[in-house]
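Raw run.cif, mmCIF, C-alpha atoms:
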data_query
loop_
_atom_site.group_PDB
_atom_site.id
_atom_site.type_symbol
_atom_site.label_atom_id
_atom_site.label_comp_id
_atom_site.auth_asym_id
_atom_site.auth_seq_id
_atom_site.Cartn_x
_atom_site.Cartn_y
_atom_site.Cartn_z
ATOM 1 C CA MET Y 178 -78.833 -57.749 0.050
ATOM 2 C CA LEU Y 179 -79.825 -54.437 -1.556
ATOM 3 C CA VAL Y 180 -78.036 -51.238 -0.572
ATOM 4 C CA GLU Y 181 -78.924 -47.603 -1.093
ATOM 5 C CA ALA Y 182 -78.490 -45.943 -4.475
ATOM 6 C CA PRO Y 183 -75.064 -44.315 -5.116
ATOM 7 C CA ALA Y 184 -74.533 -40.730 -3.980
ATOM 8 C CA ASP Y 185 -73.607 -39.603 -7.511
ATOM 9 C CA PRO Y 186 -76.979 -38.715 -9.138
ATOM 10 C CA PHE Y 187 -75.587 -39.548 -12.596
ATOM 11 C CA THR Y 188 -74.680 -43.130 -11.686
ATOM 12 C CA PRO Y 189 -77.440 -45.522 -12.792
ATOM 13 C CA CYS Y 190 -78.434 -48.498 -10.675
ATOM 14 C CA PRO Y 191 -78.417 -51.726 -12.726
ATOM 15 C CA HIS Y 192 -81.809 -53.398 -13.012
ATOM 16 C CA ARG Y 193 -82.609 -56.687 -14.672
ATOM 17 C CA VAL Y 194 -85.698 -57.150 -16.844
ATOM 18 C CA ILE Y 195 -87.705 -59.910 -15.161
ATOM 19 C CA ASP Y 196 -90.890 -59.607 -17.214
ATOM 20 C CA VAL Y 197 -92.177 -57.905 -20.345
ATOM 21 C CA VAL Y 198 -95.929 -57.218 -20.472
ATOM 22 C CA ARG Y 199 -97.470 -56.309 -23.822
ATOM 23 C CA GLU Y 200 -100.003 -53.575 -23.052
ATOM 24 C CA ALA Y 201 -100.827 -52.550 -26.653
ATOM 25 C CA PRO Y 202 -99.370 -53.291 -30.106
ATOM 26 C CA ASP Y 203 -96.666 -50.642 -29.583
ATOM 27 C CA VAL Y 204 -96.604 -50.367 -25.775
ATOM 28 C CA VAL Y 205 -94.931 -52.611 -23.213
ATOM 29 C CA THR Y 206 -94.373 -52.551 -19.486
ATOM 30 C CA LEU Y 207 -90.908 -53.659 -18.447
ATOM 31 C CA VAL Y 208 -90.778 -55.088 -14.930
ATOM 32 C CA LEU Y 209 -87.318 -54.335 -13.533
ATOM 33 C CA ALA Y 210 -85.665 -55.753 -10.415
ATOM 34 C CA PRO Y 211 -82.624 -54.060 -8.847
ATOM 35 C CA LEU Y 212 -79.436 -56.110 -8.933
ATOM 36 C CA ASP Y 213 -77.516 -54.611 -6.023
ATOM 37 C CA THR Y 214 -78.778 -51.061 -5.335
ATOM 38 C CA ALA Y 215 -82.364 -50.050 -4.670
ATOM 39 C CA LEU Y 216 -83.970 -46.778 -5.664
ATOM 40 C CA ALA Y 217 -85.507 -44.544 -3.042
ATOM 41 C CA HIS Y 218 -89.254 -44.824 -2.486
ATOM 42 C CA VAL Y 219 -91.212 -43.815 -5.606
ATOM 43 C CA GLU Y 220 -94.295 -41.635 -5.200
ATOM 44 C CA PRO Y 221 -97.159 -41.721 -7.757
ATOM 45 C CA GLY Y 222 -96.294 -39.485 -10.698
ATOM 46 C CA GLN Y 223 -92.526 -39.481 -10.274
ATOM 47 C CA PHE Y 224 -90.184 -40.568 -13.064
ATOM 48 C CA VAL Y 225 -86.794 -42.219 -13.492
ATOM 49 C CA MET Y 226 -84.078 -41.888 -16.080
ATOM 50 C CA CYS Y 227 -83.736 -45.214 -17.894
ATOM 51 C CA TRP Y 228 -80.396 -45.923 -19.562
ATOM 52 C CA VAL Y 229 -79.939 -48.473 -22.332
ATOM 53 C CA PHE Y 230 -76.207 -49.005 -22.291
ATOM 54 C CA GLY Y 231 -74.597 -47.978 -25.565
ATOM 55 C CA VAL Y 232 -77.790 -46.314 -26.855
ATOM 56 C CA GLY Y 233 -78.887 -43.516 -24.531
ATOM 57 C CA GLU Y 234 -81.122 -42.441 -21.683
ATOM 58 C CA ILE Y 235 -84.737 -41.247 -21.483
ATOM 59 C CA PRO Y 236 -87.164 -40.206 -18.724
ATOM 60 C CA ILE Y 237 -89.974 -42.677 -18.023
ATOM 61 C CA SER Y 238 -92.754 -42.413 -15.448
ATOM 62 C CA VAL Y 239 -92.972 -45.281 -12.976
ATOM 63 C CA SER Y 240 -96.231 -47.163 -13.468
ATOM 64 C CA ARG Y 241 -95.699 -49.913 -10.885
ATOM 65 C CA THR Y 242 -93.804 -50.459 -7.636
ATOM 66 C CA ASP Y 243 -93.366 -53.428 -5.319
ATOM 67 C CA ASP Y 244 -92.028 -53.721 -1.784
ATOM 68 C CA ASP Y 245 -88.926 -55.597 -2.962
ATOM 69 C CA GLY Y 246 -87.768 -52.637 -5.085
ATOM 70 C CA THR Y 247 -89.201 -53.935 -8.343
ATOM 71 C CA ILE Y 248 -90.578 -51.220 -10.612
ATOM 72 C CA GLY Y 249 -92.612 -51.138 -13.815
ATOM 73 C CA LEU Y 250 -91.920 -48.779 -16.720
ATOM 74 C CA THR Y 251 -94.583 -48.469 -19.419
ATOM 75 C CA VAL Y 252 -93.116 -47.322 -22.727
ATOM 76 C CA ARG Y 253 -94.159 -46.680 -26.327
ATOM 77 C CA SER Y 254 -91.569 -46.845 -29.094
ATOM 78 C CA VAL Y 255 -91.141 -43.342 -30.555
ATOM 79 C CA GLY Y 256 -87.363 -43.049 -31.012
ATOM 80 C CA ALA Y 257 -84.040 -44.843 -30.856
ATOM 81 C CA VAL Y 258 -83.801 -45.100 -27.064
ATOM 82 C CA SER Y 259 -87.472 -45.880 -26.430
ATOM 83 C CA ASN Y 260 -87.308 -48.534 -29.163
ATOM 84 C CA ALA Y 261 -84.325 -50.097 -27.412
ATOM 85 C CA VAL Y 262 -86.299 -50.098 -24.158
ATOM 86 C CA VAL Y 263 -89.422 -51.578 -25.766
ATOM 87 C CA THR Y 264 -87.415 -54.350 -27.439
ATOM 88 C CA ALA Y 265 -85.546 -55.320 -24.251
ATOM 89 C CA ARG Y 266 -85.920 -58.972 -23.329
ATOM 90 C CA THR Y 267 -86.160 -60.837 -20.056
ATOM 91 C CA GLY Y 268 -82.684 -61.043 -18.579
ATOM 92 C CA ASP Y 269 -81.393 -57.813 -20.131
ATOM 93 C CA VAL Y 270 -79.857 -55.240 -17.793
ATOM 94 C CA LEU Y 271 -80.797 -51.548 -17.930
ATOM 95 C CA GLY Y 272 -79.584 -48.611 -15.869
ATOM 96 C CA VAL Y 273 -82.058 -46.672 -13.743
ATOM 97 C CA ARG Y 274 -81.537 -43.522 -11.693
ATOM 98 C CA GLY Y 275 -84.005 -41.516 -9.703
ATOM 99 C CA PRO Y 276 -86.776 -41.169 -8.751
ATOM 100 C CA TYR Y 277 -87.129 -37.533 -9.770
ATOM 101 C CA GLY Y 278 -89.772 -34.853 -9.820
ATOM 102 C CA THR Y 279 -92.994 -34.086 -8.039
ATOM 103 C CA ALA Y 280 -95.864 -36.437 -7.267
ATOM 104 C CA TRP Y 281 -99.634 -36.379 -7.583
ATOM 105 C CA PRO Y 282 -100.981 -34.763 -4.379
ATOM 106 C CA VAL Y 283 -102.942 -37.853 -3.396
ATOM 107 C CA MET Y 284 -102.998 -37.091 0.316
ATOM 108 C CA GLU Y 285 -104.339 -33.568 -0.319
ATOM 109 C CA THR Y 286 -107.567 -35.030 -1.691
ATOM 110 C CA ARG Y 287 -108.624 -35.535 1.940
ATOM 111 C CA GLY Y 288 -111.162 -38.201 1.062
ATOM 112 C CA GLY Y 289 -113.081 -35.872 -1.258
ATOM 113 C CA ASP Y 290 -114.158 -36.312 -4.853
ATOM 114 C CA VAL Y 291 -111.373 -36.971 -7.342
ATOM 115 C CA LEU Y 292 -111.532 -36.961 -11.136
ATOM 116 C CA VAL Y 293 -108.660 -38.646 -13.010
ATOM 117 C CA VAL Y 294 -108.426 -38.052 -16.762
ATOM 118 C CA ALA Y 295 -105.935 -40.028 -18.860
ATOM 119 C CA GLY Y 296 -105.292 -39.838 -22.586
ATOM 120 C CA GLY Y 297 -103.399 -42.692 -24.244
ATOM 121 C CA LEU Y 298 -100.115 -43.450 -22.512
ATOM 122 C CA GLY Y 299 -101.034 -40.797 -19.940
ATOM 123 C CA LEU Y 300 -102.628 -43.555 -17.852
ATOM 124 C CA ALA Y 301 -99.155 -44.889 -16.992
ATOM 125 C CA PRO Y 302 -98.100 -41.925 -14.768
ATOM 126 C CA LEU Y 303 -101.566 -42.053 -13.151
ATOM 127 C CA ARG Y 304 -101.696 -45.798 -12.464
ATOM 128 C CA LEU Y 305 -100.102 -45.641 -9.003
ATOM 129 C CA ALA Y 306 -102.219 -42.610 -8.091
ATOM 130 C CA VAL Y 307 -105.461 -44.434 -8.900
ATOM 131 C CA ASP Y 308 -104.317 -47.406 -6.829
ATOM 132 C CA ARG Y 309 -103.532 -45.130 -3.884
ATOM 133 C CA LEU Y 310 -106.805 -43.208 -4.222
ATOM 134 C CA ALA Y 311 -108.794 -46.438 -4.363
ATOM 135 C CA ASP Y 312 -107.096 -47.571 -1.145
ATOM 136 C CA LEU Y 313 -107.919 -44.241 0.504
ATOM 137 C CA ALA Y 314 -111.589 -44.681 -0.435
ATOM 138 C CA ALA Y 315 -112.148 -41.265 -1.985
ATOM 139 C CA ALA Y 316 -115.727 -40.061 -1.601
ATOM 140 C CA ARG Y 317 -116.184 -40.393 -5.349
ATOM 141 C CA LEU Y 318 -113.325 -41.534 -7.562
ATOM 142 C CA THR Y 319 -114.000 -41.168 -11.292
ATOM 143 C CA VAL Y 320 -111.484 -42.228 -13.919
ATOM 144 C CA VAL Y 321 -111.895 -41.180 -17.554
ATOM 145 C CA ILE Y 322 -109.646 -43.016 -20.014
ATOM 146 C CA GLY Y 323 -109.305 -42.050 -23.679
ATOM 147 C CA ALA Y 324 -107.442 -43.857 -26.461
ATOM 148 C CA ARG Y 325 -107.129 -43.732 -30.245
ATOM 149 C CA ASP Y 326 -108.831 -47.117 -30.635
ATOM 150 C CA PRO Y 327 -109.718 -50.119 -28.431
ATOM 151 C CA SER Y 328 -106.345 -51.797 -28.998
ATOM 152 C CA GLN Y 329 -104.637 -48.811 -27.325
ATOM 153 C CA LEU Y 330 -106.554 -49.051 -24.035
ATOM 154 C CA LEU Y 331 -104.038 -49.929 -21.324
ATOM 155 C CA PHE Y 332 -104.061 -51.957 -18.111
ATOM 156 C CA ALA Y 333 -107.252 -53.977 -18.654
ATOM 157 C CA ASP Y 334 -106.685 -56.018 -15.475
ATOM 158 C CA ASP Y 335 -106.280 -52.839 -13.429
ATOM 159 C CA VAL Y 336 -109.458 -51.353 -14.906
ATOM 160 C CA ARG Y 337 -111.421 -54.462 -13.880
ATOM 161 C CA ARG Y 338 -109.893 -54.341 -10.396
ATOM 162 C CA TRP Y 339 -110.664 -50.628 -9.974
ATOM 163 C CA ARG Y 340 -114.271 -51.187 -10.995
ATOM 164 C CA ALA Y 341 -114.543 -54.057 -8.498
ATOM 165 C CA LEU Y 342 -113.361 -51.618 -5.807
ATOM 166 C CA GLY Y 343 -116.167 -49.206 -6.682
ATOM 167 C CA VAL Y 344 -114.219 -46.797 -8.892
ATOM 168 C CA ALA Y 345 -116.327 -45.275 -11.687
ATOM 169 C CA VAL Y 346 -114.169 -45.986 -14.745
ATOM 170 C CA HIS Y 347 -115.298 -44.584 -18.115
ATOM 171 C CA GLU Y 348 -113.425 -45.529 -21.293
ATOM 172 C CA THR Y 349 -113.764 -43.847 -24.683
ATOM 173 C CA VAL Y 350 -112.022 -44.221 -28.049
ATOM 174 C CA ASP Y 351 -111.580 -41.927 -31.019
ATOM 175 C CA ALA Y 352 -112.277 -44.722 -33.512
ATOM 176 C CA ALA Y 353 -114.283 -47.853 -32.668
ATOM 177 C CA ASP Y 354 -114.003 -51.304 -34.190
ATOM 178 C CA ARG Y 355 -116.809 -53.842 -34.682
ATOM 179 C CA ARG Y 356 -116.414 -55.267 -31.185
ATOM 180 C CA TRP Y 357 -116.382 -51.954 -29.325
ATOM 181 C CA THR Y 358 -119.657 -51.178 -27.520
ATOM 182 C CA GLY Y 359 -118.454 -48.316 -25.341
ATOM 183 C CA SER Y 360 -118.222 -44.575 -25.760
ATOM 184 C CA VAL Y 361 -116.770 -42.987 -28.906
ATOM 185 C CA GLY Y 362 -115.203 -39.544 -28.755
ATOM 186 C CA THR Y 363 -112.568 -37.636 -26.853
ATOM 187 C CA ALA Y 364 -111.928 -37.844 -23.129
ATOM 188 C CA THR Y 365 -112.802 -34.143 -22.856
ATOM 189 C CA ALA Y 366 -116.180 -34.695 -24.513
ATOM 190 C CA LEU Y 367 -116.866 -37.551 -22.116
ATOM 191 C CA MET Y 368 -115.965 -35.278 -19.190
ATOM 192 C CA ASP Y 369 -118.549 -32.786 -20.441
ATOM 193 C CA ARG Y 370 -121.217 -35.487 -20.566
ATOM 194 C CA LEU Y 371 -120.396 -36.558 -17.015
ATOM 195 C CA GLY Y 372 -121.139 -33.017 -15.845
ATOM 196 C CA ALA Y 373 -120.227 -31.003 -12.768
ATOM 197 C CA HIS Y 374 -117.192 -31.786 -10.647
ATOM 198 C CA HIS Y 375 -115.977 -29.870 -7.593
ATOM 199 C CA GLY Y 376 -113.096 -31.943 -6.236
ATOM 200 C CA MET Y 377 -109.469 -32.593 -7.152
ATOM 201 C CA VAL Y 378 -108.586 -33.250 -10.812
ATOM 202 C CA PHE Y 379 -105.536 -35.147 -12.114
ATOM 203 C CA VAL Y 380 -104.869 -35.033 -15.878
ATOM 204 C CA CYS Y 381 -102.187 -36.682 -18.018
ATOM 205 C CA GLY Y 382 -101.981 -37.178 -21.772
ATOM 206 C CA PRO Y 383 -101.079 -35.223 -24.909
ATOM 207 C CA GLU Y 384 -100.599 -31.556 -24.075
ATOM 208 C CA LEU Y 385 -103.525 -30.222 -26.111
ATOM 209 C CA MET Y 386 -105.772 -32.809 -24.500
ATOM 210 C CA MET Y 387 -104.595 -31.795 -21.021
ATOM 211 C CA THR Y 388 -105.199 -28.124 -21.749
ATOM 212 C CA SER Y 389 -108.739 -28.764 -22.965
ATOM 213 C CA ALA Y 390 -109.448 -31.203 -20.114
ATOM 214 C CA ALA Y 391 -108.283 -28.685 -17.513
ATOM 215 C CA ALA Y 392 -110.457 -25.986 -19.071
ATOM 216 C CA MET Y 393 -113.432 -28.361 -19.146
ATOM 217 C CA ALA Y 394 -112.941 -29.353 -15.507
ATOM 218 C CA ILE Y 395 -112.849 -25.702 -14.454
ATOM 219 C CA ALA Y 396 -115.917 -24.925 -16.568
ATOM 220 C CA ASN Y 397 -117.677 -27.802 -14.778
ATOM 221 C CA GLY Y 398 -116.934 -26.353 -11.351
ATOM 222 C CA ALA Y 399 -113.405 -27.436 -10.403
ATOM 223 C CA ASN Y 400 -111.175 -24.924 -8.620
ATOM 224 C CA PRO Y 401 -108.096 -24.092 -10.791
ATOM 225 C CA ASN Y 402 -105.956 -24.534 -7.655
ATOM 226 C CA ARG Y 403 -107.072 -28.180 -7.489
ATOM 227 C CA VAL Y 404 -106.371 -29.149 -11.105
ATOM 228 C CA TRP Y 405 -103.034 -30.897 -11.694
ATOM 229 C CA LEU Y 406 -101.250 -31.894 -14.910
ATOM 230 C CA SER Y 407 -98.213 -34.033 -15.688
ATOM 231 C CA LEU Y 408 -96.024 -32.160 -18.181
ATOM 232 C CA GLU Y 409 -93.041 -33.370 -20.194
ATOM 233 C CA ARG Y 410 -90.212 -31.540 -21.854
ATOM 234 C CA ASN Y 411 -86.755 -32.714 -22.918
ATOM 235 C CA MET Y 412 -85.646 -33.970 -19.514
ATOM 236 C CA HIS Y 413 -81.970 -34.718 -19.931
ATOM 237 C CA CYS Y 414 -80.239 -34.579 -16.539
ATOM 238 C CA GLY Y 415 -83.148 -35.099 -14.127
ATOM 239 C CA ILE Y 416 -81.618 -32.845 -11.457
ATOM 240 C CA ALA Y 417 -82.302 -29.311 -12.782
ATOM 241 C CA HIS Y 418 -78.762 -28.650 -14.028
ATOM 242 C CA CYS Y 419 -78.985 -28.645 -17.835
ATOM 243 C CA GLY Y 420 -82.097 -26.470 -18.298
ATOM 244 C CA ARG Y 421 -83.451 -28.439 -21.260
ATOM 245 C CA CYS Y 422 -86.803 -29.037 -19.574
ATOM 246 C CA GLN Y 423 -87.498 -25.357 -18.911
ATOM 247 C CA LEU Y 424 -91.078 -24.133 -19.160
ATOM 248 C CA GLY Y 425 -91.114 -20.438 -18.318
ATOM 249 C CA PRO Y 426 -89.813 -20.148 -14.738
ATOM 250 C CA LEU Y 427 -90.082 -23.909 -14.150
ATOM 251 C CA LEU Y 428 -87.590 -26.718 -14.643
ATOM 252 C CA LEU Y 429 -89.931 -29.653 -15.049
ATOM 253 C CA CYS Y 430 -87.520 -32.352 -13.882
ATOM 254 C CA ARG Y 431 -87.491 -30.554 -10.511
ATOM 255 C CA ASP Y 432 -90.718 -28.512 -10.411
ATOM 256 C CA GLY Y 433 -92.729 -31.144 -12.315
ATOM 257 C CA ALA Y 434 -93.630 -33.329 -13.963
ATOM 258 C CA VAL Y 435 -96.782 -32.929 -11.831
ATOM 259 C CA VAL Y 436 -97.685 -29.224 -11.770
ATOM 260 C CA ARG Y 437 -100.756 -27.305 -10.645
ATOM 261 C CA TRP Y 438 -102.742 -25.814 -13.512
ATOM 262 C CA ASP Y 439 -102.637 -22.206 -12.327
ATOM 263 C CA ARG Y 440 -98.800 -22.326 -12.364
ATOM 264 C CA VAL Y 441 -98.608 -23.283 -16.048
ATOM 265 C CA SER Y 442 -101.828 -22.166 -17.729
ATOM 266 C CA ASP Y 443 -100.313 -18.946 -19.128
ATOM 267 C CA GLU Y 444 -97.167 -20.753 -20.301
ATOM 268 C CA LEU Y 445 -99.173 -23.389 -22.158
ATOM 269 C CA LYS Y 446 -100.985 -20.682 -24.125
ATOM 270 C CA VAL Y 447 -97.679 -19.745 -25.811
ATOM 271 C CA ARG Y 448 -97.105 -21.873 -28.918
ATOM 272 C CA GLY Y 449 -93.755 -23.603 -28.967
ATOM 273 C CA ARG Y 450 -93.374 -23.667 -25.185
#
Can you present the structure in this file as structure tokens?
Amino acid sequence: MLVEAPADPFTPCPHRVIDVVREAPDVVTLVLAPLDTALAHVEPGQFVMCWVFGVGEIPISVSRTDDDGTIGLTVRSVGAVSNAVVTARTGDVLGVRGPYGTAWPVMETRGGDVLVVAGGLGLAPLRLAVDRLADLAAARLTVVIGARDPSQLLFADDVRRWRALGVAVHETVDAADRRWTGSVGTATALMDRLGAHHGMVFVCGPELMMTSAAAMAIANGANPNRVWLSLERNMHCGIAHCGRCQLGPLLLCRDGAVVRWDRVSDELKVRGR
């Protein structure tokens, strides 16, 4: 029987890898089941700190949740710890603590139009939000997904399911191969072709892409107070103690990762922030 997570926020809850899903050549989703302690309820957009024992700990957005406490973490190998996570095998045990941070304001959409824009791995922190929005039957839910090439497009089964539910999903790639028949170009350029939008906007991806996508959404009619980004910095503690994730007046492990555009637009104009 599962019990609540320990009171000490630095104590990880052991989770066993029960499945490894290859999403792209360098991206996997680890499906983790709690061994004896369950995390608190995870909201779309929140993250956990994932600890590979003997290697280190990194923040990872939760891309999947199940009623039995199982979670999914979608990871690309970019360093020592993320490589250790990506190469974990079924049966391995990892430490997980959290969830931390803010969530996508799904309930604030109030059944209106919603535009979701994801670049590359940025679809992972948005996956739960799209599921929730599809269940809420937003008036018009549009999802724009960009990737470097077709092999980097994530969650093909989810994309098919979203389309079957009536979600307008548009995929684009920077570089096509011989089999690709879809759009070629950036997610921001595709947003421009789609035209005016006056509802809520959720954006996640590389920072320059998010900045340009937010500007494009506002130019196409979105209210800056209804544009939200998911920002990352060097989140080390997860509980706003170490200060490594500071962005101006914000500590992103506490005040983010999901932040409203008008709170960070000036900070993102400063190079090196």
Practice prompt. Name every residue that the PyMOL selection byres ((chain Y and resi 205) around 9) selects in this structure, writing the answer as a PyMOL selection string with chains first and numbers rising.
Written response: chain Y and resi 197-204+206-207+250-254+263-264
Given the file shown, enumerate the residues that the PyMOL selection byres ((chain Y and resi 270) around 8) captures and present them as a ChimeraX atom specification.
/Y:191-194,268-269,271-272
Using all atoms listed in the file, find each residue in segment 241-341 of chain Y having at least one atom no more than 10 Å away from segment 423-437 of chain Y; report its shortest atom-to-atom pair and that distance in Å (one decimal), rows by chain then rising number, as JSON lines.
{"residue": "Y:Tyr277", "atom": "CA", "partner": "Y:Cys430", "partner_atom": "CA", "distance": 6.6}
{"residue": "Y:Gly278", "atom": "CA", "partner": "Y:Arg431", "partner_atom": "CA", "distance": 4.9}
{"residue": "Y:Thr279", "atom": "CA", "partner": "Y:Gly433", "partner_atom": "CA", "distance": 5.2}
{"residue": "Y:Ala280", "atom": "CA", "partner": "Y:Val435", "partner_atom": "CA", "distance": 5.8}
{"residue": "Y:Trp281", "atom": "CA", "partner": "Y:Val435", "partner_atom": "CA", "distance": 6.2}
{"residue": "Y:Pro282", "atom": "CA", "partner": "Y:Val435", "partner_atom": "CA", "distance": 8.7}
{"residue": "Y:Pro302", "atom": "CA", "partner": "Y:Val435", "partner_atom": "CA", "distance": 9.6}
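Within the 7 Å cut-off around Val320 of chain Y, using only C-alpha atoms and omitting residues fewer than 4 positions from it on the same chain, the listed residues are Leu292, Val293, Val294, Ala345, Val346 and His347 of chain Y.
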If the PyMOL selection byres ((chain Y and resi 242) around 12) were run on this exact file, what residues would it hold? Put them as a VMD selection string. chain Y and resid 207 to 211 215 to 224 238 to 241 243 to 251 276 302 304 to 306 308 to 309
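Distances here use all atoms listed in the file; by that measure, the residue among Y:Val378, Y:Val404, Y:Ala316, Y:Ile237 closest to Arg274 of chain Y is Y:Ile237.
In this comparison, which uses all atoms listed in the file, the residue of Y:Leu300, Y:Thr319, Y:Thr358, Y:Arg370 approaching Asp335 of chain Y most closely is Y:Leu300.
Separating atom CA of Asp326 of chain Y from atom CA of Asp312 of chain Y is a distance of 29.5 Å.
Atom pair atom CA of Gly382 of chain Y / atom CA of Leu298 of chain Y has a distance of 6.6 Å (rounded to one decimal).
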Test item: residues at most 12 Å from Val361 of chain Y, all atoms listed in the file, excluding those fewer than 2 positions along its chain, as a ChimeraX atom specification: /Y:322-327,347-354,357-359,363-367
Store the residues of this selection in a file with C-alpha atoms, as a PDB file, keeping the file's coordinate frame.
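Saved to again-v7.pdb:
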ATOM      1  CA  ILE Y 322    -109.646 -43.016 -20.014  1.00  0.00           C
ATOM      2  CA  GLY Y 323    -109.305 -42.050 -23.679  1.00  0.00           C
ATOM      3  CA  ALA Y 324    -107.442 -43.857 -26.461  1.00  0.00           C
ATOM      4  CA  ARG Y 325    -107.129 -43.732 -30.245  1.00  0.00           C
ATOM      5  CA  ASP Y 326    -108.831 -47.117 -30.635  1.00  0.00           C
ATOM      6  CA  PRO Y 327    -109.718 -50.119 -28.431  1.00  0.00           C
ATOM      7  CA  HIS Y 347    -115.298 -44.584 -18.115  1.00  0.00           C
ATOM      8  CA  GLU Y 348    -113.425 -45.529 -21.293  1.00  0.00           C
ATOM      9  CA  THR Y 349    -113.764 -43.847 -24.683  1.00  0.00           C
ATOM     10  CA  VAL Y 350    -112.022 -44.221 -28.049  1.00  0.00           C
ATOM     11  CA  ASP Y 351    -111.580 -41.927 -31.019  1.00  0.00           C
ATOM     12  CA  ALA Y 352    -112.277 -44.722 -33.512  1.00  0.00           C
ATOM     13  CA  ALA Y 353    -114.283 -47.853 -32.668  1.00  0.00           C
ATOM     14  CA  ASP Y 354    -114.003 -51.304 -34.190  1.00  0.00           C
ATOM     15  CA  TRP Y 357    -116.382 -51.954 -29.325  1.00  0.00           C
ATOM     16  CA  THR Y 358    -119.657 -51.178 -27.520  1.00  0.00           C
ATOM     17  CA  GLY Y 359    -118.454 -48.316 -25.341  1.00  0.00           C
ATOM     18  CA  THR Y 363    -112.568 -37.636 -26.853  1.00  0.00           C
ATOM     19  CA  ALA Y 364    -111.928 -37.844 -23.129  1.00  0.00           C
ATOM     20  CA  THR Y 365    -112.802 -34.143 -22.856  1.00  0.00           C
ATOM     21  CA  ALA Y 366    -116.180 -34.695 -24.513  1.00  0.00           C
ATOM     22  CA  LEU Y 367    -116.866 -37.551 -22.116  1.00  0.00           C
TER      23      LEU Y 367
END
Counting only C-alpha atoms, closest pick from Y:Trp438, Y:Cys419, Y:Glu444, Y:Asn411 relative to Pro236 of chain Y is Y:Asn411
Provide an axis-aligned box for all listed atoms of segment 249-253 of chain Y, padding each side by 5 Å; report its centre and its edge lengths in Å to one decimal, as lines of an AutoDock Vina configuration file.
center_x = -93.3
center_y = -48.9
center_z = -20.1
size_x = 12.7
size_y = 14.5
size_z = 22.5
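Neighbouring residues of Phe230 of chain Y at 10 Å or closer, counting all atoms listed in the file and skipping chain neighbours under 2 positions away, are Y:Cys227, Y:Trp228, Y:Val232, Y:Gly233, Y:Glu234, Y:Val258, Y:Ala261, Y:Val270, Y:Leu271, Y:Gly272.
If all atoms listed in the file are the atoms counted, then among Y:Arg356, Y:Pro189, Y:Ala311, Y:Val273 the closest residue to Ala341 of chain Y is Y:Ala311.
Note that atom CA of Asp439 of chain Y and atom CA of Asn402 of chain Y are 6.2 Å apart.
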- [ ] Using only C-alpha atoms, give me every residue within 10 Å of (-117.4, -49.4, -5.7) in file coordinates, as a PyMOL selection string.
- [x] chain Y and resi 311+314+317-318+339-345
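Among the candidate residues Y:Arg421, Y:Ser389, Y:Val255, Y:Gly275, the one lying nearest to Val225 of chain Y is Y:Gly275, with distances computed using all atoms listed in the file.
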